[in-house]
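See below for coords-v8.cif, which holds mmCIF, C-alpha atoms.
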```
data_input
loop_
_atom_site.label_atom_id
_atom_site.label_comp_id
_atom_site.auth_asym_id
_atom_site.auth_seq_id
_atom_site.Cartn_x
_atom_site.Cartn_y
_atom_site.Cartn_z
CA MET P 1307 9.09 -4.71 33.29
CA SER P 1308 8.80 -8.28 32.06
CA SER P 1309 7.97 -8.91 28.41
CA PRO P 1310 4.24 -9.50 27.80
CA LYS P 1311 3.17 -12.86 26.50
CA VAL P 1312 0.43 -13.83 24.07
CA THR P 1313 -2.35 -15.40 26.14
CA ASN P 1314 -4.56 -16.78 23.37
CA PRO P 1315 -2.37 -18.69 20.91
CA ASN P 1316 -3.97 -20.23 17.81
CA PHE P 1317 -3.16 -20.76 14.14
CA TRP P 1318 -2.34 -17.09 13.58
CA TYR P 1319 0.36 -17.23 16.24
CA LYS P 1320 1.96 -20.39 14.87
CA TYR P 1321 4.81 -18.24 13.52
CA GLN P 1322 5.57 -15.58 16.08
CA TYR P 1323 6.72 -12.53 14.14
CA LEU P 1324 7.23 -10.19 17.09
CA PRO P 1325 10.15 -10.82 19.47
CA PRO P 1326 9.61 -10.49 23.24
CA HIS P 1327 11.48 -7.18 23.47
CA GLY P 1328 9.34 -5.86 20.60
CA LEU P 1329 6.14 -6.74 22.47
CA LYS P 1330 7.53 -4.96 25.53
CA ASN P 1331 8.28 -1.83 23.50
CA VAL P 1332 4.72 -1.79 22.13
CA LEU P 1333 3.42 -1.00 25.62
CA SER P 1334 5.33 2.29 25.64
CA TYR P 1335 4.44 3.26 22.06
CA LYS P 1336 3.36 6.86 21.45
CA TYR P 1337 2.27 8.52 18.23
CA ASP P 1338 5.07 11.10 18.24
CA TYR P 1339 5.74 11.79 14.57
CA ASP P 1340 7.04 15.13 13.36
CA VAL P 1341 4.46 15.82 10.62
CA THR P 1342 4.96 18.27 7.76
CA ASP P 1343 1.73 18.51 5.76
CA LEU P 1344 1.81 20.92 2.81
CA SER P 1345 -0.80 19.00 0.83
CA LEU P 1346 -3.18 21.27 -1.08
CA THR P 1347 -5.95 18.69 -0.77
CA THR P 1348 -5.61 18.58 3.02
CA ARG P 1349 -5.97 22.35 3.20
CA CYS P 1350 -9.15 22.24 1.14
CA LEU P 1351 -10.84 19.18 2.64
CA SER P 1352 -9.67 19.14 6.26
CA GLY P 1353 -12.83 20.81 7.55
CA PHE P 1354 -14.98 18.39 5.60
CA TRP P 1355 -13.13 15.40 7.08
CA VAL P 1356 -13.41 16.76 10.62
CA GLY P 1357 -17.15 17.37 10.21
CA LEU P 1358 -17.77 13.82 9.01
CA THR P 1359 -15.64 12.36 11.79
CA GLU P 1360 -17.68 14.15 14.45
CA MET P 1361 -20.79 12.38 13.14
CA ILE P 1362 -19.31 8.93 13.87
CA PRO P 1363 -20.38 7.25 17.15
CA MET P 1364 -17.68 7.19 19.83
CA TRP P 1365 -17.81 3.38 20.04
CA VAL P 1366 -16.59 2.99 16.44
CA ALA P 1367 -12.92 2.04 16.46
CA PRO P 1368 -10.65 3.83 13.96
CA ASN P 1369 -9.68 0.42 12.58
CA LEU P 1370 -13.30 -0.19 11.56
CA ILE P 1371 -13.19 2.96 9.42
CA THR P 1372 -9.94 1.74 7.85
CA LEU P 1373 -11.48 -1.67 7.20
CA VAL P 1374 -14.59 -0.20 5.55
CA ALA P 1375 -12.36 1.78 3.17
CA PHE P 1376 -10.47 -1.39 2.25
CA VAL P 1377 -13.53 -3.64 1.83
CA GLN P 1378 -15.43 -1.23 -0.42
CA LEU P 1379 -12.33 -0.81 -2.60
CA VAL P 1380 -11.90 -4.57 -2.98
CA THR P 1381 -15.62 -4.98 -3.73
CA VAL P 1382 -15.43 -2.46 -6.57
CA PHE P 1383 -12.29 -4.21 -7.84
CA PHE P 1384 -14.12 -7.50 -8.29
CA ILE P 1385 -17.08 -5.80 -9.95
CA SER P 1386 -14.76 -3.98 -12.36
CA LEU P 1387 -12.82 -7.19 -13.01
CA SER P 1388 -16.00 -8.96 -14.09
CA TYR P 1389 -16.67 -6.21 -16.68
CA SER P 1390 -13.06 -5.60 -17.74
CA PRO P 1391 -10.83 -8.66 -17.28
CA THR P 1392 -8.17 -7.28 -19.65
CA LEU P 1393 -8.39 -3.64 -18.47
CA SER P 1394 -9.42 -2.63 -21.99
CA GLU P 1395 -13.18 -3.31 -22.14
CA GLU P 1396 -15.65 -0.44 -21.89
CA LEU P 1397 -17.28 -0.11 -18.48
CA PRO P 1398 -20.92 0.92 -18.06
CA GLY P 1399 -21.42 4.50 -16.93
CA TRP P 1400 -22.68 3.58 -13.46
CA LEU P 1401 -19.52 1.55 -12.82
CA ILE P 1402 -17.30 4.46 -13.88
CA LEU P 1403 -19.07 6.67 -11.35
CA LEU P 1404 -18.91 3.91 -8.73
CA ASN P 1405 -15.14 3.70 -9.22
CA GLY P 1406 -14.82 7.45 -8.82
CA LEU P 1407 -16.96 7.36 -5.67
CA SER P 1408 -14.94 4.43 -4.31
CA LEU P 1409 -11.67 6.31 -4.79
CA PHE P 1410 -13.05 9.45 -3.12
CA LEU P 1411 -14.48 7.36 -0.28
CA ARG P 1412 -11.14 5.63 0.24
CA GLN P 1413 -9.36 8.96 0.53
CA THR P 1414 -12.02 10.39 2.86
CA LEU P 1415 -12.09 7.39 5.20
CA ASP P 1416 -8.28 7.27 5.22
CA ALA P 1417 -8.28 10.84 6.51
CA MET P 1418 -11.05 10.15 9.02
CA ASP P 1419 -9.59 7.11 10.78
CA GLY P 1420 -6.72 9.08 12.29
CA LYS P 1421 -9.05 11.86 13.38
CA GLN P 1422 -11.35 9.31 15.02
CA ALA P 1423 -8.34 7.82 16.83
CA ARG P 1424 -7.38 11.19 18.30
CA ARG P 1425 -11.00 12.06 19.05
CA THR P 1426 -11.53 8.85 21.04
CA GLY P 1427 -8.04 8.62 22.52
CA GLN P 1428 -7.40 5.35 20.68
CA SER P 1429 -4.07 6.11 18.99
CA SER P 1430 -2.04 2.92 19.34
CA ALA P 1431 0.59 0.72 17.76
CA LEU P 1432 -2.23 -1.53 16.56
CA GLY P 1433 -3.98 1.33 14.79
CA GLU P 1434 -0.80 2.47 13.08
CA PHE P 1435 -0.02 -1.03 11.83
CA PHE P 1436 -3.60 -1.64 10.70
CA ASP P 1437 -3.74 1.64 8.76
CA HIS P 1438 -0.23 2.43 7.49
CA GLY P 1439 1.01 -1.16 7.37
CA LEU P 1440 -1.71 -3.62 6.47
CA CYS P 1441 -4.12 -1.49 4.42
CA ASP P 1442 -2.47 1.58 2.88
CA ALA P 1443 0.07 -0.22 0.69
CA ILE P 1444 -2.21 -2.95 -0.63
CA GLU P 1445 -4.94 -0.40 -1.36
CA ILE P 1446 -2.64 1.19 -3.92
CA LEU P 1447 -2.78 -2.11 -5.81
CA PHE P 1448 -6.59 -2.11 -5.97
CA VAL P 1449 -6.80 1.60 -6.78
CA SER P 1450 -4.42 1.00 -9.70
CA PHE P 1451 -6.49 -1.87 -11.11
CA ASN P 1452 -9.77 0.02 -10.73
CA THR P 1453 -8.49 3.19 -12.37
CA ALA P 1454 -6.81 1.27 -15.20
CA ALA P 1455 -10.13 -0.44 -15.94
CA VAL P 1456 -11.92 2.92 -16.16
CA VAL P 1457 -9.40 4.51 -18.54
CA ARG P 1458 -9.07 1.20 -20.48
CA LEU P 1459 -5.31 1.26 -20.14
CA GLY P 1460 -4.91 -2.37 -21.11
CA LYS P 1461 -2.20 -4.80 -20.12
CA GLY P 1462 1.44 -3.89 -20.42
CA PRO P 1463 4.53 -2.33 -18.80
CA LEU P 1464 2.90 1.09 -18.23
CA PHE P 1465 0.35 -0.35 -15.83
CA TYR P 1466 2.83 -2.69 -14.16
CA TYR P 1467 5.36 0.05 -13.40
CA PHE P 1468 2.57 2.31 -12.18
CA VAL P 1469 1.84 -0.29 -9.51
CA LEU P 1470 5.53 -0.89 -8.80
CA PHE P 1471 6.41 2.80 -8.46
CA GLY P 1472 3.24 3.62 -6.51
CA MET P 1473 3.74 0.85 -3.97
CA GLY P 1474 7.48 1.45 -4.03
CA SER P 1475 7.00 5.09 -3.03
CA HIS P 1476 4.89 3.93 -0.06
CA PHE P 1477 7.64 1.45 0.90
CA MET P 1478 10.27 4.19 0.72
CA GLU P 1479 8.15 6.55 2.80
CA MET P 1480 7.72 3.90 5.50
CA TRP P 1481 11.51 3.41 5.45
CA ALA P 1482 12.05 7.13 5.92
CA VAL P 1483 9.49 7.28 8.73
CA TYR P 1484 11.20 4.37 10.47
CA LEU P 1485 14.58 6.11 10.36
CA THR P 1486 13.61 9.74 10.95
CA GLY P 1487 10.28 9.65 12.79
CA LYS P 1488 9.03 12.27 10.31
CA ILE P 1489 6.04 12.17 7.97
CA GLU P 1490 6.17 14.62 5.07
CA PHE P 1491 3.36 15.47 2.64
CA TRP P 1492 4.38 17.92 -0.05
CA TYR P 1493 2.21 20.12 -2.26
CA PHE P 1494 1.62 17.29 -4.71
CA SER P 1495 1.53 13.83 -3.16
CA PHE P 1496 -0.53 10.64 -3.36
CA THR P 1497 -3.54 12.54 -2.02
CA GLU P 1498 -3.46 14.87 -5.02
CA SER P 1499 -3.06 11.86 -7.32
CA GLU P 1500 -6.29 10.48 -5.92
CA ILE P 1501 -8.11 13.75 -6.59
CA ILE P 1502 -6.83 13.68 -10.18
CA GLY P 1503 -8.13 10.12 -10.41
CA VAL P 1504 -11.58 11.12 -9.14
CA LEU P 1505 -11.77 14.03 -11.61
CA THR P 1506 -10.67 11.71 -14.43
CA HIS P 1507 -13.51 9.32 -13.61
CA ILE P 1508 -16.02 12.17 -13.67
CA ALA P 1509 -14.64 13.50 -16.98
CA ILE P 1510 -14.85 10.09 -18.64
CA TYR P 1511 -18.45 9.66 -17.48
CA PHE P 1512 -19.71 13.05 -18.69
CA ILE P 1513 -17.48 13.70 -21.72
CA GLY P 1514 -17.02 10.13 -22.88
CA HIS P 1515 -13.98 7.90 -23.02
CA ASP P 1516 -13.41 8.23 -26.77
CA ASN P 1517 -13.71 12.03 -26.66
CA ILE P 1518 -10.81 12.43 -24.23
CA MET P 1519 -8.66 9.53 -25.39
CA GLY P 1520 -7.39 11.25 -28.50
CA VAL P 1521 -3.74 11.17 -29.53
CA ILE P 1522 -1.52 14.09 -28.54
CA PRO P 1523 -0.59 15.95 -31.77
CA GLY P 1524 2.82 14.99 -33.09
CA THR P 1525 3.02 11.85 -30.94
CA ASN P 1526 1.57 8.36 -30.73
CA LEU P 1527 0.66 8.92 -27.07
CA ARG P 1528 -2.93 9.16 -25.89
CA TYR P 1529 -3.86 11.91 -23.42
CA LEU P 1530 -4.80 9.56 -20.58
CA GLU P 1531 -1.68 7.48 -21.15
CA ALA P 1532 0.33 10.68 -20.79
CA LEU P 1533 -1.43 11.29 -17.47
CA TRP P 1534 -0.26 7.88 -16.26
CA TYR P 1535 3.31 8.74 -17.25
CA VAL P 1536 3.02 11.97 -15.26
CA VAL P 1537 1.83 10.15 -12.15
CA ASN P 1538 4.58 7.56 -12.61
CA LEU P 1539 7.09 10.41 -12.64
CA GLN P 1540 5.51 11.79 -9.48
CA PHE P 1541 6.05 8.44 -7.75
CA ILE P 1542 9.66 8.33 -8.97
CA PHE P 1543 10.33 11.86 -7.72
CA ALA P 1544 8.72 10.94 -4.39
CA MET P 1545 11.16 8.02 -4.02
CA LEU P 1546 14.10 10.19 -5.06
CA GLY P 1547 12.97 12.79 -2.52
CA VAL P 1548 13.14 10.17 0.22
CA VAL P 1549 16.62 9.10 -0.92
CA ALA P 1550 17.76 12.74 -0.90
CA ARG P 1551 16.66 13.49 2.65
CA ILE P 1552 18.12 10.40 4.30
CA PRO P 1553 21.91 11.19 3.96
CA PRO P 1554 21.68 14.55 5.84
CA PHE P 1555 19.69 12.82 8.58
CA LEU P 1556 22.21 9.99 8.95
CA LYS P 1557 25.08 12.49 8.97
CA ASN P 1558 23.59 14.07 12.11
CA LYS P 1559 22.99 10.66 13.70
CA PRO P 1560 26.44 9.07 13.98
CA ALA P 1561 25.02 6.37 16.27
CA LEU P 1562 23.12 4.90 13.33
CA ASN P 1563 24.92 2.48 11.06
CA THR P 1564 24.70 4.01 7.58
CA TRP P 1565 25.01 0.79 5.60
CA GLU P 1566 22.58 -1.02 7.85
CA SER P 1567 20.07 1.82 7.45
CA TYR P 1568 20.25 1.53 3.67
CA SER P 1569 20.03 -2.27 3.83
CA PHE P 1570 16.40 -1.98 4.94
CA VAL P 1571 15.40 -1.10 1.35
CA LEU P 1572 16.92 -4.30 -0.04
CA PRO P 1573 13.47 -5.96 -0.37
CA LEU P 1574 12.37 -3.17 -2.74
CA VAL P 1575 15.60 -3.41 -4.75
CA TRP P 1576 15.22 -7.20 -4.91
CA ILE P 1577 11.61 -7.02 -6.12
CA PHE P 1578 12.38 -4.35 -8.72
CA THR P 1579 15.43 -6.09 -10.19
CA THR P 1580 14.03 -9.63 -10.25
CA THR P 1581 10.66 -8.69 -11.73
CA THR P 1582 12.26 -6.45 -14.35
CA ALA P 1583 14.65 -9.26 -15.32
CA TRP P 1584 11.69 -11.65 -15.45
CA ILE P 1585 9.69 -9.32 -17.74
CA LEU P 1586 12.66 -8.71 -20.05
CA GLN P 1587 13.07 -12.45 -20.57
CA SER P 1588 9.36 -13.24 -20.74
CA PRO P 1589 7.36 -10.13 -21.81
CA GLU P 1590 4.20 -12.20 -22.25
CA VAL P 1591 3.74 -12.42 -18.46
CA LEU P 1592 2.23 -8.92 -18.60
CA GLY P 1593 -0.26 -10.09 -21.18
CA ALA P 1594 -1.22 -13.64 -20.35
CA HIS P 1595 -0.70 -13.45 -16.57
CA LEU P 1596 -0.96 -9.76 -15.65
CA HIS P 1597 -3.31 -10.01 -12.66
CA PRO P 1598 -1.55 -12.81 -10.72
CA PHE P 1599 1.88 -11.42 -11.64
CA VAL P 1600 1.02 -7.94 -10.36
CA PHE P 1601 -0.56 -9.44 -7.23
CA ILE P 1602 2.72 -11.26 -6.54
CA VAL P 1603 4.60 -7.98 -6.68
CA GLY P 1604 1.94 -6.05 -4.79
CA CYS P 1605 1.66 -8.54 -1.92
CA ASN P 1606 5.43 -8.73 -1.54
CA LEU P 1607 5.78 -4.94 -1.44
CA ALA P 1608 2.88 -4.65 0.99
CA ASN P 1609 4.48 -7.37 3.13
CA GLY P 1610 7.70 -5.36 3.24
CA GLY P 1611 5.82 -2.16 4.09
CA CYS P 1612 4.07 -3.98 6.94
CA ARG P 1613 7.39 -5.07 8.38
CA LEU P 1614 8.76 -1.52 8.32
CA VAL P 1615 5.73 -0.28 10.25
CA THR P 1616 6.07 -3.19 12.68
CA ALA P 1617 9.71 -2.27 13.22
CA ARG P 1618 8.70 1.32 13.92
CA VAL P 1619 6.01 0.61 16.51
CA CYS P 1620 7.96 -2.22 18.18
CA LYS P 1621 11.33 -0.41 18.03
CA ILE P 1622 13.07 -3.36 16.39
CA LYS P 1623 15.18 -3.70 13.26
CA PRO P 1624 13.29 -4.31 10.00
CA GLU P 1625 13.87 -7.57 8.19
CA THR P 1626 15.97 -7.29 5.04
CA TYR P 1627 14.40 -10.37 3.47
CA TYR P 1628 11.31 -12.53 3.88
CA ASN P 1629 10.43 -15.92 2.45
CA SER P 1630 7.59 -14.86 0.16
CA ALA P 1631 9.96 -12.73 -1.98
CA LEU P 1632 12.53 -15.48 -2.53
CA PRO P 1633 10.63 -17.40 -5.29
CA LEU P 1634 11.06 -14.36 -7.55
CA LEU P 1635 14.53 -15.70 -8.32
CA PHE P 1636 13.04 -18.94 -9.60
CA GLY P 1637 10.61 -16.88 -11.65
CA VAL P 1638 13.57 -15.23 -13.38
CA LEU P 1639 15.34 -18.55 -13.97
CA ASN P 1640 12.11 -20.16 -15.17
CA ALA P 1641 11.13 -17.23 -17.43
CA GLY P 1642 9.28 -18.50 -20.46
CA GLY P 1643 8.66 -21.87 -18.80
CA ARG P 1644 12.19 -23.32 -18.90
CA PHE P 1645 11.52 -25.81 -16.11
CA VAL P 1646 7.80 -25.73 -15.30
CA ASP P 1647 4.76 -24.18 -16.94
CA GLU P 1648 5.05 -20.45 -16.28
CA GLY P 1649 1.32 -19.88 -15.91
CA ILE P 1650 0.97 -22.61 -13.28
CA PHE P 1651 3.99 -21.32 -11.35
CA ILE P 1652 2.70 -17.73 -11.38
CA ARG P 1653 -0.73 -18.75 -10.10
CA LEU P 1654 0.68 -20.93 -7.35
CA TYR P 1655 3.14 -18.21 -6.36
CA CYS P 1656 0.34 -15.63 -6.38
CA ALA P 1657 -1.66 -17.74 -3.91
CA TYR P 1658 1.41 -18.16 -1.70
CA ALA P 1659 2.20 -14.41 -1.73
CA ILE P 1660 -1.40 -13.53 -0.78
CA ILE P 1661 -1.43 -16.10 2.04
CA ALA P 1662 1.99 -14.99 3.34
CA TYR P 1663 0.95 -11.32 3.39
CA SER P 1664 -2.41 -12.10 5.02
CA HIS P 1665 -0.87 -14.41 7.61
CA TYR P 1666 1.74 -11.85 8.62
CA GLY P 1667 -0.81 -9.04 8.84
CA LEU P 1668 -3.45 -10.96 10.80
CA SER P 1669 -0.87 -12.49 13.11
CA VAL P 1670 0.59 -9.09 14.03
CA ILE P 1671 -2.88 -7.55 14.45
CA LEU P 1672 -4.08 -10.29 16.78
CA THR P 1673 -0.80 -10.27 18.69
CA LEU P 1674 -0.91 -6.51 19.24
CA ALA P 1675 -4.59 -6.62 20.21
CA ASP P 1676 -3.87 -9.35 22.74
CA VAL P 1677 -0.86 -7.56 24.24
CA LEU P 1678 -2.57 -4.16 24.38
CA LYS P 1679 -5.88 -5.67 25.59
CA ILE P 1680 -7.98 -3.77 23.07
CA ASN P 1681 -10.72 -4.72 20.63
CA VAL P 1682 -9.65 -4.38 17.01
CA LEU P 1683 -12.95 -3.04 15.60
CA ARG P 1684 -14.88 -1.69 18.58
CA ILE P 1685 -14.16 0.65 21.48
CA ALA P 1686 -15.28 -0.87 24.75
CA PRO P 1687 -17.46 1.45 26.89
CA LYS P 1688 -15.73 2.96 29.90
CA LYS P 1689 -16.75 1.46 33.20
#
```

Can I see the file as structure tokens?
Amino acid sequence: MSSPKVTNPNFWYKYQYLPPHGLKNVLSYKYDYDVTDLSLTTRCLSGFWVGLTEMIPMWVAPNLITLVAFVQLVTVFFISLSYSPTLSEELPGWLILLNGLSLFLRQTLDAMDGKQARRTGQSSALGEFFDHGLCDAIEILFVSFNTAAVVRLGKGPLFYYFVLFGMGSHFMEMWAVYLTGKIEFWYFSFTESEIIGVLTHIAIYFIGHDNIMGVIPGTNLRYLEALWYVVNLQFIFAMLGVVARIPPFLKNKPALNTWESYSFVLPLVWIFTTTTAWILQSPEVLGAHLHPFVFIVGCNLANGGCRLVTARVCKIKPETYYNSALPLLFGVLNAGGRFVDEGIFIRLYCAYAIIAYSHYGLSVILTLADVLKINVLRIAPKK
């Protein structure tokens, strides 16, 4: 079988990210994961998700459901940003409820898109990339901002590392899925974190922010801050869990190069070490430039997650570096504005990271749609 070729080249194909043998492998892609789902939330809400999915018209593509979840989350982010630019201002009650609804809707639609794909027979490499690659990782970034605005967490390391560990755990999970072909949801996973988030929003609305933000006796830690530490620990344990299950797998797969397999997490290690070094030298970046700084990190981690999913569906090796993460080194060297104004550099880099992530994602989506001859957002009627 000859390798398929892109038949409609334009700006988005200017940099061809998928090699010819990868495009060929896409044609034989099958959703064949070994899934272990012990999630308590899934057990409770599975019937609800199935019922809602059966109400969706058969012409609605699963990707459209994924896109709706993403767009509504981003919309609420911008509304919350206008009311709480420093993540410490008090939000009006209706916006607190809207954030809670947005989080619940994101979780619900995320569960429904896969069910719609199986219901309509539309499971494909494109759908997996669109959902697990392009949207899932970056949505963690917006969920983090929205929730931080509701609890008035403020700017600082606690919020930054929440984003880093949350998106890092998604990156690690995509790495494990690439190597093992297994998806594992334990009793307490990101799904349960979302439910805790929804309940927190409801509690703040009905009980009041000040009434549940008291200090834990004997400490200087507020209750909701403690909750963020708990979720951070959950993300860390999730990453450690991935690390723990990879060595036994590689031991039983002598054909796989152990060092090469571990090299695929170098982008995460690079992002963690460079940004931490940057913050240690210039702590004010988390105060004066929190939003663009966190978007730099988020877009780079999402970019890396996308590439792991691409490698999985195209059966190619993941990239161990990509251009948009390289300027982090200059950020470290320039910490505090040694060479150029730090604020200007961060904003320019933020724009570049967003464009690089968007270009990669849209290019791969349009390439896969062209090769597979399917519509991204609509299911064509059968002739």

Check: Which residues fall under the PyMOL selection byres ((chain P and resi 1413-1415) around 10) in this file, as a PyMOL selection string?
Finding: chain P and resi 1351-1352+1354-1355+1358-1359+1368+1370-1376+1407-1412+1416-1421+1496-1497+1500-1501

Using only C-alpha atoms, determine which residues lie at most 9 Å from Leu1607 (chain P), disregarding the query and same-chain residues fewer than 2 positions distant; provide the list as an mmCIF file with C-alpha atoms, in the coordinates of the input.
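Final output, out-v5.cif:
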```
data_model
loop_
_atom_site.group_PDB
_atom_site.id
_atom_site.type_symbol
_atom_site.label_atom_id
_atom_site.label_comp_id
_atom_site.auth_asym_id
_atom_site.auth_seq_id
_atom_site.Cartn_x
_atom_site.Cartn_y
_atom_site.Cartn_z
ATOM 1 C CA ALA P 1443 0.070 -0.220 0.690
ATOM 2 C CA ILE P 1444 -2.210 -2.950 -0.630
ATOM 3 C CA LEU P 1470 5.530 -0.890 -8.800
ATOM 4 C CA MET P 1473 3.740 0.850 -3.970
ATOM 5 C CA GLY P 1474 7.480 1.450 -4.030
ATOM 6 C CA PHE P 1477 7.640 1.450 0.900
ATOM 7 C CA PRO P 1573 13.470 -5.960 -0.370
ATOM 8 C CA LEU P 1574 12.370 -3.170 -2.740
ATOM 9 C CA ILE P 1577 11.610 -7.020 -6.120
ATOM 10 C CA ILE P 1602 2.720 -11.260 -6.540
ATOM 11 C CA VAL P 1603 4.600 -7.980 -6.680
ATOM 12 C CA GLY P 1604 1.940 -6.050 -4.790
ATOM 13 C CA CYS P 1605 1.660 -8.540 -1.920
ATOM 14 C CA ASN P 1609 4.480 -7.370 3.130
ATOM 15 C CA GLY P 1610 7.700 -5.360 3.240
ATOM 16 C CA GLY P 1611 5.820 -2.160 4.090
ATOM 17 C CA CYS P 1612 4.070 -3.980 6.940
ATOM 18 C CA ALA P 1631 9.960 -12.730 -1.980
#
```

Next item on the list: Carefully work through the PyMOL selection byres ((chain P and resi 1686) around 10) for this structure and note down the residues it includes, as JSON, numbers by chain.
Entry: {"P": [1364, 1365, 1366, 1367, 1680, 1681, 1683, 1684, 1685, 1687, 1688, 1689]}

Restricting the output to C-alpha atoms, write the selected residues as a compact mmCIF listing (two decimals), in the frame of the given file.
```
# COMPACT_ATOMS: atom_id res chain seq x y z
CA MET P 1364 -17.68 7.19 19.83
CA TRP P 1365 -17.81 3.38 20.04
CA VAL P 1366 -16.59 2.99 16.44
CA ALA P 1367 -12.92 2.04 16.46
CA ILE P 1680 -7.98 -3.77 23.07
CA ASN P 1681 -10.72 -4.72 20.63
CA LEU P 1683 -12.95 -3.04 15.60
CA ARG P 1684 -14.88 -1.69 18.58
CA ILE P 1685 -14.16 0.65 21.48
CA PRO P 1687 -17.46 1.45 26.89
CA LYS P 1688 -15.73 2.96 29.90
CA LYS P 1689 -16.75 1.46 33.20
```

Checklist line | Result set, the PyMOL selection byres ((chain P and resi 1659) around 6) on current file, as a PyMOL selection string | finding: chain P and resi 1602+1605+1630+1656-1658+1660-1662

Next item on the list: Check the smallest atom-to-atom distance from each of P:Asn1629, P:Thr1580, P:Thr1564, P:Thr1392 to Gly1462 (chain P) using only C-alpha atoms, then report the winner.
Entry: P:Thr1392

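For the pair CA of Pro1326 (chain P) and CA of His1476 (chain P), the interatomic distance is 27.8 Å.
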
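The smallest atom-to-atom distance between Phe1578 (chain P) and any of P:Leu1539, P:Arg1653, P:Trp1565, P:Val1469, using all atoms listed in the file, is found for P:Val1469.
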
Checklist line | Residue contacts of Ile1489 (chain P) (7 Å, only C-alpha atoms) excluding same-chain residues fewer than 4 positions away, as number ranges by chain | finding: P: 1339-1342, 1483

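Here CA of His1595 (chain P) and CA of Leu1387 (chain P) stand 14.1 Å from one another.
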
Next item on the list: Do a neighbour search on Ile1508 (chain P) at 7 Å with all atoms listed in the file, toss out local chain neighbours closer than 3 positions, and write the hits as a ChimeraX atom specification.
Entry: /P:1403,1406,1504-1505,1511-1512

If you keep C-alpha atoms, can you produce a file of those selected residues as a short mmCIF file (atom, residue, chain, number, x, y, z; two decimals), in the coordinates of the input?
```cif
data_model
loop_
_atom_site.label_atom_id
_atom_site.label_comp_id
_atom_site.auth_asym_id
_atom_site.auth_seq_id
_atom_site.Cartn_x
_atom_site.Cartn_y
_atom_site.Cartn_z
CA LEU P 1403 -19.07 6.67 -11.35
CA GLY P 1406 -14.82 7.45 -8.82
CA VAL P 1504 -11.58 11.12 -9.14
CA LEU P 1505 -11.77 14.03 -11.61
CA TYR P 1511 -18.45 9.66 -17.48
CA PHE P 1512 -19.71 13.05 -18.69
#
```

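Distances from P:Val1682, P:Ala1583, P:Leu1654, P:Val1332 to Val1638 (chain P) were compared using all atoms listed in the file, and the smallest one belongs to P:Ala1583.
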
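Between CA of Leu1572 (chain P) and CA of Tyr1484 (chain P) the interatomic distance comes to 14.8 Å.
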
Note to self: Considering all atoms listed in the file, can you say which of P:Ala1509, P:Val1456, P:Met1478, P:Val1380 comes closest to Phe1541 (chain P)?
What the structure shows: P:Met1478

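Counting only C-alpha atoms and comparing P:Pro1363, P:Pro1624, P:Pro1554, P:Gly1637, the residue that lies closest to Tyr1323 (chain P) is P:Pro1624.
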
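Considering the residues P:Ile1502, P:Leu1596, P:Leu1459, P:Val1571 and counting all atoms listed in the file, Glu1395 (chain P) has its shortest atom-to-atom contact with P:Leu1459.
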
Residues within 9 Å of Ser1386 (chain P), all atoms listed in the file, excluding chain neighbours under 2 positions, as a CSV table (one decimal) with C-alpha atoms, keeping the file's coordinate frame:
```
chain,number,residue,atom,x,y,z
P,1381,THR,CA,-15.6,-5.0,-3.7
P,1382,VAL,CA,-15.4,-2.5,-6.6
P,1383,PHE,CA,-12.3,-4.2,-7.8
P,1384,PHE,CA,-14.1,-7.5,-8.3
P,1388,SER,CA,-16.0,-9.0,-14.1
P,1389,TYR,CA,-16.7,-6.2,-16.7
P,1390,SER,CA,-13.1,-5.6,-17.7
P,1391,PRO,CA,-10.8,-8.7,-17.3
P,1393,LEU,CA,-8.4,-3.6,-18.5
P,1397,LEU,CA,-17.3,-0.1,-18.5
P,1401,LEU,CA,-19.5,1.6,-12.8
P,1402,ILE,CA,-17.3,4.5,-13.9
P,1405,ASN,CA,-15.1,3.7,-9.2
P,1451,PHE,CA,-6.5,-1.9,-11.1
P,1452,ASN,CA,-9.8,0.0,-10.7
P,1455,ALA,CA,-10.1,-0.4,-15.9
P,1456,VAL,CA,-11.9,2.9,-16.2
```

Go ahead and fit an axis-aligned box to every listed atom of region 1410-1425 of chain P plus 4 Å each side, and pass me the centre and edge lengths in Å, one decimal, as lines of an AutoDock Vina configuration file.
```
center_x = -10.6
center_y = 8.8
center_z = 8.0
size_x = 15.8
size_y = 14.4
size_z = 30.2
```

Note to self: Set the distance at 9 Å and use all atoms listed in the file: which residues neighbour Tyr1337 (chain P) once local chain neighbours fewer than 4 positions away are removed? I'd like the list as a ChimeraX atom specification.
What the structure shows: /P:1429-1431,1434,1619

Keeping only C-alpha atoms, take the residues you just selected and write them out as a CSV table (one decimal), in the coordinates of the input.
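As written to disk, part_28.csv reads:
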```csv
chain,number,residue,atom,x,y,z
P,1429,SER,CA,-4.1,6.1,19.0
P,1430,SER,CA,-2.0,2.9,19.3
P,1431,ALA,CA,0.6,0.7,17.8
P,1434,GLU,CA,-0.8,2.5,13.1
P,1619,VAL,CA,6.0,0.6,16.5
```
